[in-house]
file protein.cif (mmCIF, C-alpha atoms and all ligand atoms)
data_coords
loop_
_atom_site.label_atom_id
_atom_site.label_comp_id
_atom_site.auth_asym_id
_atom_site.auth_seq_id
_atom_site.Cartn_x
_atom_site.Cartn_y
_atom_site.Cartn_z
CA MET N 1 138.75 165.39 70.85
CA LYS N 2 141.79 165.95 72.95
CA THR N 3 139.92 168.30 75.23
CA TYR N 4 137.07 165.85 75.49
CA ARG N 5 139.44 163.12 76.58
CA SER N 6 141.12 165.22 79.21
CA ILE N 7 137.75 166.24 80.59
CA LEU N 8 136.86 162.56 80.82
CA ALA N 9 140.14 161.81 82.55
CA ALA N 10 139.57 164.63 85.01
CA LEU N 11 136.05 163.41 85.69
CA SER N 12 137.09 159.85 86.37
CA LEU N 13 139.92 161.05 88.60
CA SER N 14 137.51 163.07 90.70
CA ALA N 15 135.15 160.11 90.85
CA VAL N 16 137.96 157.99 92.24
CA ALA N 17 138.85 160.73 94.70
CA THR N 18 135.24 160.96 95.87
CA LEU N 19 135.09 157.23 96.42
CA THR N 20 138.30 157.08 98.36
CA VAL N 21 137.77 160.07 100.63
CA SER N 22 134.22 159.36 101.74
CA PRO N 23 133.99 155.95 103.38
CA LEU N 24 131.84 157.54 106.08
CA ALA N 25 129.25 158.74 103.59
CA LEU N 26 129.11 155.22 102.20
CA ALA N 27 128.73 153.73 105.64
CA HIS N 28 125.80 156.02 106.33
CA GLY N 29 123.67 155.78 103.30
CA ASN N 30 124.77 154.37 99.99
CA VAL N 31 124.77 150.64 100.63
CA THR N 32 122.14 148.86 98.54
CA PRO N 33 119.39 147.41 100.73
CA GLN N 34 119.06 143.66 100.45
CA THR N 35 115.76 141.88 99.96
CA VAL N 36 115.06 139.17 102.49
CA ASP N 37 114.19 135.55 101.70
CA THR N 38 111.30 134.69 104.00
CA ALA N 39 110.17 131.49 102.23
CA ALA N 40 110.83 129.48 105.40
CA LEU N 41 108.29 131.53 107.40
CA PRO N 42 104.50 131.32 107.47
CA ALA N 43 103.13 133.81 104.92
CA ILE N 44 101.22 136.85 106.22
CA LYS N 45 98.02 137.19 104.27
CA ASN N 46 95.97 139.84 106.05
CA GLY N 47 98.57 142.52 106.70
CA PRO N 48 99.62 145.03 107.63
CA LEU N 49 99.46 143.56 111.12
CA THR N 50 99.97 145.62 114.28
CA VAL N 51 101.23 142.69 116.36
CA ASN N 52 104.23 140.49 115.56
CA PRO N 53 102.95 137.08 114.40
CA TYR N 54 106.39 135.41 114.76
CA ARG N 55 107.31 136.29 118.33
CA GLY N 56 109.63 133.59 119.73
CA ASN N 57 109.76 131.71 116.39
CA LYS N 58 113.35 130.39 116.05
CA LYS N 59 113.31 130.38 112.28
CA ALA N 60 112.18 134.00 112.28
CA ILE N 61 115.05 134.87 114.62
CA ASP N 62 117.52 133.34 112.11
CA VAL N 63 115.97 135.05 109.09
CA GLY N 64 115.73 138.33 110.99
CA SER N 65 119.30 138.12 112.21
CA ALA N 66 120.62 137.77 108.65
CA ALA N 67 118.33 140.53 107.38
CA TYR N 68 119.41 142.81 110.22
CA GLY N 69 123.08 142.15 109.46
CA GLN N 70 122.62 143.08 105.80
CA ASN N 71 120.39 146.11 106.20
CA CYS N 72 120.58 147.65 109.64
CA ALA N 73 123.93 146.76 111.23
CA ARG N 74 125.87 149.41 109.30
CA CYS N 75 124.08 152.08 111.30
CA HIS N 76 122.61 150.32 114.33
CA GLY N 77 125.68 148.14 114.98
CA LEU N 78 126.65 144.48 114.66
CA GLY N 79 124.53 142.26 116.88
CA ALA N 80 122.33 145.32 117.53
CA VAL N 81 125.02 146.80 119.78
CA SER N 82 125.02 150.45 118.73
CA GLY N 83 128.32 152.22 118.15
CA GLY N 84 126.55 155.53 118.74
CA ILE N 85 125.50 156.77 115.28
CA ALA N 86 121.96 155.39 115.58
CA PRO N 87 119.75 154.27 118.49
CA ASP N 88 120.54 150.96 120.22
CA LEU N 89 117.72 148.70 119.07
CA ARG N 90 118.19 146.27 121.97
CA MET N 91 116.43 148.87 124.10
CA LEU N 92 113.24 149.01 122.02
CA PRO N 93 110.11 148.18 123.99
CA THR N 94 109.29 144.49 123.49
CA GLY N 95 105.89 142.92 123.06
CA ASP N 96 102.72 144.19 121.45
CA ASP N 97 103.34 147.74 122.66
CA GLY N 98 106.40 148.28 120.50
CA ASP N 99 105.25 146.31 117.44
CA GLU N 100 103.20 148.90 115.61
CA TYR N 101 105.79 151.63 116.12
CA PHE N 102 108.52 149.31 114.85
CA GLN N 103 106.64 148.47 111.66
CA MET N 104 105.88 152.15 111.03
CA ARG N 105 109.48 153.20 111.62
CA VAL N 106 111.03 150.55 109.39
CA ARG N 107 108.56 151.22 106.57
CA ASN N 108 108.94 155.00 106.66
CA GLY N 109 112.52 155.45 107.87
CA ALA N 110 113.41 158.73 109.50
CA ILE N 111 113.38 161.66 107.08
CA ARG N 112 113.13 165.18 108.47
CA ASN N 113 113.49 168.49 106.60
CA GLY N 114 114.73 166.59 103.55
CA VAL N 115 117.52 164.84 105.47
CA THR N 116 117.50 161.04 105.52
CA TYR N 117 118.61 159.86 108.96
CA MET N 118 117.34 156.38 108.18
CA PRO N 119 116.15 155.14 104.77
CA ALA N 120 112.58 153.88 104.32
CA PHE N 121 112.36 150.12 103.83
CA GLY N 122 108.64 149.99 102.98
CA ASP N 123 109.22 149.38 99.27
CA ILE N 124 111.99 146.86 99.82
CA PHE N 125 110.82 144.58 102.62
CA SER N 126 107.87 142.24 102.72
CA GLU N 127 105.86 142.34 105.91
CA GLU N 128 107.35 138.92 106.74
CA ALA N 129 110.85 140.47 106.58
CA ILE N 130 109.90 143.32 108.93
CA TRP N 131 108.45 140.98 111.56
CA ALA N 132 111.42 138.61 111.26
CA ILE N 133 113.77 141.49 112.12
CA ARG N 134 111.50 142.51 114.98
CA THR N 135 111.59 138.91 116.28
CA TYR N 136 115.39 138.90 116.10
CA LEU N 137 115.63 142.21 117.98
CA ASP N 138 113.26 140.94 120.68
CA SER N 139 115.63 137.99 121.13
CA VAL N 140 118.57 140.28 121.94
CA HIS N 141 116.54 142.75 124.02
CA GLN N 142 118.11 144.40 127.06
CA GLU N 143 116.52 146.62 129.71
C1 LIG N 201 121.59 154.89 107.32
C2 LIG N 201 121.57 154.48 108.71
C3 LIG N 201 120.43 153.60 109.15
C4 LIG N 201 120.04 152.39 108.64
C5 LIG N 201 120.61 151.63 107.46
C6 LIG N 201 118.96 151.95 109.47
N1 LIG N 201 118.68 152.87 110.44
FE1 LIG N 201 117.24 152.77 111.86
N2 LIG N 201 117.71 154.62 112.50
C7 LIG N 201 118.78 155.36 112.07
C8 LIG N 201 118.80 156.63 112.80
C9 LIG N 201 119.84 157.72 112.61
C10 LIG N 201 117.70 156.62 113.66
C11 LIG N 201 117.23 157.75 114.57
C12 LIG N 201 116.32 158.58 113.71
C13 LIG N 201 115.84 159.85 114.33
O1 LIG N 201 116.67 160.64 114.74
O2 LIG N 201 114.62 160.03 114.32
C14 LIG N 201 117.04 155.33 113.46
C15 LIG N 201 115.91 154.93 114.16
C16 LIG N 201 115.39 153.64 114.12
C17 LIG N 201 114.31 153.17 114.95
C18 LIG N 201 113.61 153.96 116.04
C19 LIG N 201 114.43 153.82 117.31
C20 LIG N 201 113.84 154.49 118.52
O3 LIG N 201 114.45 154.33 119.61
O4 LIG N 201 112.82 155.17 118.41
C21 LIG N 201 114.08 151.86 114.62
C22 LIG N 201 113.04 150.93 115.20
C23 LIG N 201 115.02 151.54 113.56
N3 LIG N 201 115.79 152.64 113.28
C24 LIG N 201 115.10 150.32 112.96
C25 LIG N 201 115.94 150.03 111.88
C26 LIG N 201 115.97 148.76 111.20
C27 LIG N 201 115.15 147.54 111.61
C28 LIG N 201 116.84 148.87 110.17
C29 LIG N 201 117.19 147.86 109.11
C30 LIG N 201 116.08 147.32 108.38
C31 LIG N 201 117.38 150.22 110.21
N4 LIG N 201 116.82 150.90 111.26
C32 LIG N 201 118.32 150.74 109.32
C33 LIG N 201 119.68 155.01 111.10
C34 LIG N 201 119.59 153.89 110.29
#

call {"tool": "encode", "arguments": {"input": "protein.cif", "output": "structure tokens", "more": "lines below"}}
Ligand code: HEC
result
Amino acid sequence: MKTYRSILAALSLSAVATLTVSPLALAHGNVTPQTVDTAALPAIKNGPLTVNPYRGNKKAIDVGSAAYGQNCARCHGLGAVSGGIAPDLRMLPTGDDGDEYFQMRVRNGAIRNGVTYMPAFGDIFSEEAIWAIRTYLDSVHQE
């Protein structure tokens, strides 16, 4: 019993140590993705679409901005201004040309040779959520 308890104590100590020494690992991958409330937006019934149905929609910009802040900003930067660990999403091509690629990328993430550079959001986001974020990013676009 005594041994068991000291093993437990050692385990919980190392768990604490792991948590305190790896804030970077947390920043890169272990934050729980947040679902997005899109009730205020017109529902998408015939998806998946290849063109953003919300382009320029102010409500979609608001919903997308909040969703971006909760799910993407930790890697792609607050306000979509990249700090360098992931691409700057203000530079994405706008308009129909970039839409299909955006949807594909957000659904599938970026996983190569078993390494997750970006998690897949396909099982977490509704199509409405993906296009709301796209609409937000279009609104902060820079050449
Ligand atoms: C864990 C960090 C992380 C999170 C969270 C994350 N991304 Fe990424 N994202 C990356 C990295 C790293 C890349 C570059 C991947 C590569 O090397 O292929 C990337 C690439 C992209 C690209 C392609 C950029 C290009 O120039 O081709 C898009 C679009 C994108 N992310 C959108 C998003 C959106 C939208 C969210 C939130 C829903 C998000 N990402 C969340 C790390 C992240």

call {"tool": "atom_distance", "arguments": {"input": "protein.cif", "atom1": "atom C8 of ligand LIG 201 (chain N)", "atom2": "atom CA of Phe125 of chain N"}}
result
17.7 Å

call {"tool": "closest_residue", "arguments": {"input": "protein.cif", "among": "N:Gly64, N:Gly77, N:Pro42, N:Pro119", "to": "ligand LIG 201 (chain N)", "atoms": "all atoms listed in the file"}}
result
N:Pro119

call {"tool": "closest_atom_pairs", "arguments": {"input": "protein.cif", "of": "chain N", "to": "ligand LIG 201 (chain N)", "cutoff": "9 Å", "atoms": "all atoms listed in the file", "output": "Markdown table"}}
result
| residue | atom | partner | partner_atom | distance |
| --- | --- | --- | --- | --- |
| N:Ala27 | CA | N:LIG201 | C1 | 7.4 |
| N:His28 | CA | N:LIG201 | C1 | 4.5 |
| N:Gly29 | CA | N:LIG201 | C1 | 4.6 |
| N:Asn30 | CA | N:LIG201 | C1 | 8.0 |
| N:Val31 | CA | N:LIG201 | C5 | 8.1 |
| N:Pro33 | CA | N:LIG201 | C5 | 8.0 |
| N:Ala67 | CA | N:LIG201 | C30 | 7.2 |
| N:Tyr68 | CA | N:LIG201 | C29 | 5.6 |
| N:Gly69 | CA | N:LIG201 | C29 | 8.2 |
| N:Gln70 | CA | N:LIG201 | C29 | 8.0 |
| N:Asn71 | CA | N:LIG201 | C29 | 4.7 |
| N:Cys72 | CA | N:LIG201 | C29 | 3.4 |
| N:Ala73 | CA | N:LIG201 | C5 | 7.0 |
| N:Arg74 | CA | N:LIG201 | C5 | 6.0 |
| N:Cys75 | CA | N:LIG201 | C2 | 4.3 |
| N:His76 | CA | N:LIG201 | N1 | 6.1 |
| N:Ile85 | CA | N:LIG201 | C9 | 6.3 |
| N:Ala86 | CA | N:LIG201 | C9 | 4.3 |
| N:Pro87 | CA | N:LIG201 | O3 | 5.4 |
| N:Asp88 | CA | N:LIG201 | O3 | 7.0 |
| N:Leu89 | CA | N:LIG201 | C19 | 6.3 |
| N:Met91 | CA | N:LIG201 | O3 | 7.3 |
| N:Leu92 | CA | N:LIG201 | O3 | 6.0 |
| N:Pro93 | CA | N:LIG201 | O3 | 8.7 |
| N:Gly98 | CA | N:LIG201 | C22 | 8.9 |
| N:Tyr101 | CA | N:LIG201 | C22 | 7.3 |
| N:Phe102 | CA | N:LIG201 | C22 | 4.8 |
| N:Gln103 | CA | N:LIG201 | C22 | 7.7 |
| N:Met104 | CA | N:LIG201 | C22 | 8.4 |
| N:Arg105 | CA | N:LIG201 | C22 | 5.5 |
| N:Val106 | CA | N:LIG201 | C24 | 5.4 |
| N:Arg107 | CA | N:LIG201 | C30 | 8.7 |
| N:Gly109 | CA | N:LIG201 | FE1 | 6.7 |
| N:Ala110 | CA | N:LIG201 | C12 | 5.1 |
| N:Ile111 | CA | N:LIG201 | O2 | 7.5 |
| N:Arg112 | CA | N:LIG201 | O2 | 7.9 |
| N:Thr116 | CA | N:LIG201 | C1 | 7.6 |
| N:Tyr117 | CA | N:LIG201 | C9 | 4.4 |
| N:Met118 | CA | N:LIG201 | C34 | 4.0 |
| N:Pro119 | CA | N:LIG201 | C1 | 6.0 |
| N:Ala120 | CA | N:LIG201 | C32 | 8.2 |
| N:Phe121 | CA | N:LIG201 | C30 | 6.5 |
| N:Phe125 | CA | N:LIG201 | C30 | 8.3 |
| N:Ala129 | CA | N:LIG201 | C30 | 8.8 |
| N:Ile130 | CA | N:LIG201 | C27 | 7.2 |
| N:Ile133 | CA | N:LIG201 | C27 | 6.2 |
| N:Arg134 | CA | N:LIG201 | C27 | 7.1 |
| N:Leu137 | CA | N:LIG201 | C27 | 8.3 |

call {"tool": "write_last_selection", "arguments": {"input": "protein.cif", "atoms": "C-alpha atoms", "output": "compact mmCIF listing (two decimals), in the frame of the given file"}}
result
# COMPACT_ATOMS: atom_id res chain seq x y z
CA ALA N 27 128.73 153.73 105.64
CA HIS N 28 125.80 156.02 106.33
CA GLY N 29 123.67 155.78 103.30
CA ASN N 30 124.77 154.37 99.99
CA VAL N 31 124.77 150.64 100.63
CA PRO N 33 119.39 147.41 100.73
CA ALA N 67 118.33 140.53 107.38
CA TYR N 68 119.41 142.81 110.22
CA GLY N 69 123.08 142.15 109.46
CA GLN N 70 122.62 143.08 105.80
CA ASN N 71 120.39 146.11 106.20
CA CYS N 72 120.58 147.65 109.64
CA ALA N 73 123.93 146.76 111.23
CA ARG N 74 125.87 149.41 109.30
CA CYS N 75 124.08 152.08 111.30
CA HIS N 76 122.61 150.32 114.33
CA ILE N 85 125.50 156.77 115.28
CA ALA N 86 121.96 155.39 115.58
CA PRO N 87 119.75 154.27 118.49
CA ASP N 88 120.54 150.96 120.22
CA LEU N 89 117.72 148.70 119.07
CA MET N 91 116.43 148.87 124.10
CA LEU N 92 113.24 149.01 122.02
CA PRO N 93 110.11 148.18 123.99
CA GLY N 98 106.40 148.28 120.50
CA TYR N 101 105.79 151.63 116.12
CA PHE N 102 108.52 149.31 114.85
CA GLN N 103 106.64 148.47 111.66
CA MET N 104 105.88 152.15 111.03
CA ARG N 105 109.48 153.20 111.62
CA VAL N 106 111.03 150.55 109.39
CA ARG N 107 108.56 151.22 106.57
CA GLY N 109 112.52 155.45 107.87
CA ALA N 110 113.41 158.73 109.50
CA ILE N 111 113.38 161.66 107.08
CA ARG N 112 113.13 165.18 108.47
CA THR N 116 117.50 161.04 105.52
CA TYR N 117 118.61 159.86 108.96
CA MET N 118 117.34 156.38 108.18
CA PRO N 119 116.15 155.14 104.77
CA ALA N 120 112.58 153.88 104.32
CA PHE N 121 112.36 150.12 103.83
CA PHE N 125 110.82 144.58 102.62
CA ALA N 129 110.85 140.47 106.58
CA ILE N 130 109.90 143.32 108.93
CA ILE N 133 113.77 141.49 112.12
CA ARG N 134 111.50 142.51 114.98
CA LEU N 137 115.63 142.21 117.98

call {"tool": "atom_distance", "arguments": {"input": "protein.cif", "atom1": "atom CA of Asn46 of chain N", "atom2": "atom CA of Thr135 of chain N"}}
result
18.7 Å

call {"tool": "closest_residue", "arguments": {"input": "protein.cif", "among": "N:Thr94, N:Thr35, N:Asn113, N:Thr50", "to": "Ser139 of chain N", "atoms": "all atoms listed in the file"}}
result
N:Thr94

call {"tool": "closest_residue", "arguments": {"input": "protein.cif", "among": "N:Val140, N:Glu100, N:Ile124, N:Val36", "to": "Asn52 of chain N", "atoms": "all atoms listed in the file"}}
result
N:Glu100

call {"tool": "closest_residue", "arguments": {"input": "protein.cif", "among": "N:Gly122, N:Leu78, N:Asp96, N:Leu41", "to": "Tyr54 of chain N", "atoms": "all atoms listed in the file"}}
result
N:Leu41

call {"tool": "axis_aligned_box", "arguments": {"input": "protein.cif", "around": "segment 75-89 of chain N", "padding_each_side": "8 Å", "output": "lines of an AutoDock Vina configuration file"}}
result
center_x = 123.0
center_y = 149.5
center_z = 115.8
size_x = 26.6
size_y = 30.5
size_z = 24.9

call {"tool": "atom_distance", "arguments": {"input": "protein.cif", "atom1": "atom CA of Gly56 of chain N", "atom2": "atom CA of Asp123 of chain N"}}
result
25.8 Å

call {"tool": "closest_residue", "arguments": {"input": "protein.cif", "among": "N:Asn108, N:Gly83, N:Glu128, N:Lys59", "to": "Gly47 of chain N", "atoms": "all atoms listed in the file"}}
result
N:Glu128

call {"tool": "build_atoms", "arguments": {"input": "protein.cif", "residues": "segment 57-76 of chain N", "atoms": "N, CA and C atoms", "output": "tab-separated table (two decimals), in the coordinates of the input"}}
result
chain	number	residue	atom	x	y	z
N	57	ASN	N	109.54	132.70	117.45
N	57	ASN	CA	109.76	131.71	116.39
N	57	ASN	C	111.26	131.66	116.02
N	58	LYS	N	111.88	130.51	116.24
N	58	LYS	CA	113.35	130.39	116.05
N	58	LYS	C	113.78	130.64	114.62
N	59	LYS	N	112.99	130.16	113.69
N	59	LYS	CA	113.31	130.38	112.28
N	59	LYS	C	113.28	131.88	111.95
N	60	ALA	N	112.29	132.55	112.52
N	60	ALA	CA	112.18	134.00	112.28
N	60	ALA	C	113.38	134.73	112.88
N	61	ILE	N	113.86	134.24	114.02
N	61	ILE	CA	115.05	134.87	114.62
N	61	ILE	C	116.24	134.74	113.66
N	62	ASP	N	116.41	133.55	113.06
N	62	ASP	CA	117.52	133.34	112.11
N	62	ASP	C	117.39	134.24	110.88
N	63	VAL	N	116.20	134.24	110.29
N	63	VAL	CA	115.97	135.05	109.09
N	63	VAL	C	116.18	136.53	109.43
N	64	GLY	N	115.64	136.93	110.58
N	64	GLY	CA	115.73	138.33	110.99
N	64	GLY	C	117.15	138.74	111.31
N	65	SER	N	117.91	137.82	111.89
N	65	SER	CA	119.30	138.12	112.21
N	65	SER	C	120.10	138.41	110.94
N	66	ALA	N	119.91	137.56	109.93
N	66	ALA	CA	120.62	137.77	108.65
N	66	ALA	C	120.17	139.08	108.00
N	67	ALA	N	118.87	139.32	108.01
N	67	ALA	CA	118.33	140.53	107.38
N	67	ALA	C	118.84	141.78	108.11
N	68	TYR	N	118.88	141.70	109.43
N	68	TYR	CA	119.41	142.81	110.22
N	68	TYR	C	120.87	143.07	109.84
N	69	GLY	N	121.66	142.00	109.77
N	69	GLY	CA	123.08	142.15	109.46
N	69	GLY	C	123.30	142.82	108.11
N	70	GLN	N	122.44	142.52	107.14
N	70	GLN	CA	122.62	143.08	105.80
N	70	GLN	C	122.07	144.49	105.64
N	71	ASN	N	121.09	144.84	106.45
N	71	ASN	CA	120.39	146.11	106.20
N	71	ASN	C	120.46	147.14	107.31
N	72	CYS	N	120.70	146.73	108.51
N	72	CYS	CA	120.58	147.65	109.64
N	72	CYS	C	121.90	147.81	110.39
N	73	ALA	N	122.74	146.77	110.37
N	73	ALA	CA	123.93	146.76	111.23
N	73	ALA	C	124.88	147.91	110.91
N	74	ARG	N	124.90	148.35	109.65
N	74	ARG	CA	125.87	149.41	109.30
N	74	ARG	C	125.59	150.70	110.06
N	75	CYS	N	124.37	150.90	110.48
N	75	CYS	CA	124.08	152.08	111.30
N	75	CYS	C	123.82	151.70	112.76
N	76	HIS	N	123.03	150.65	112.96
N	76	HIS	CA	122.61	150.32	114.33
N	76	HIS	C	123.59	149.38	115.03
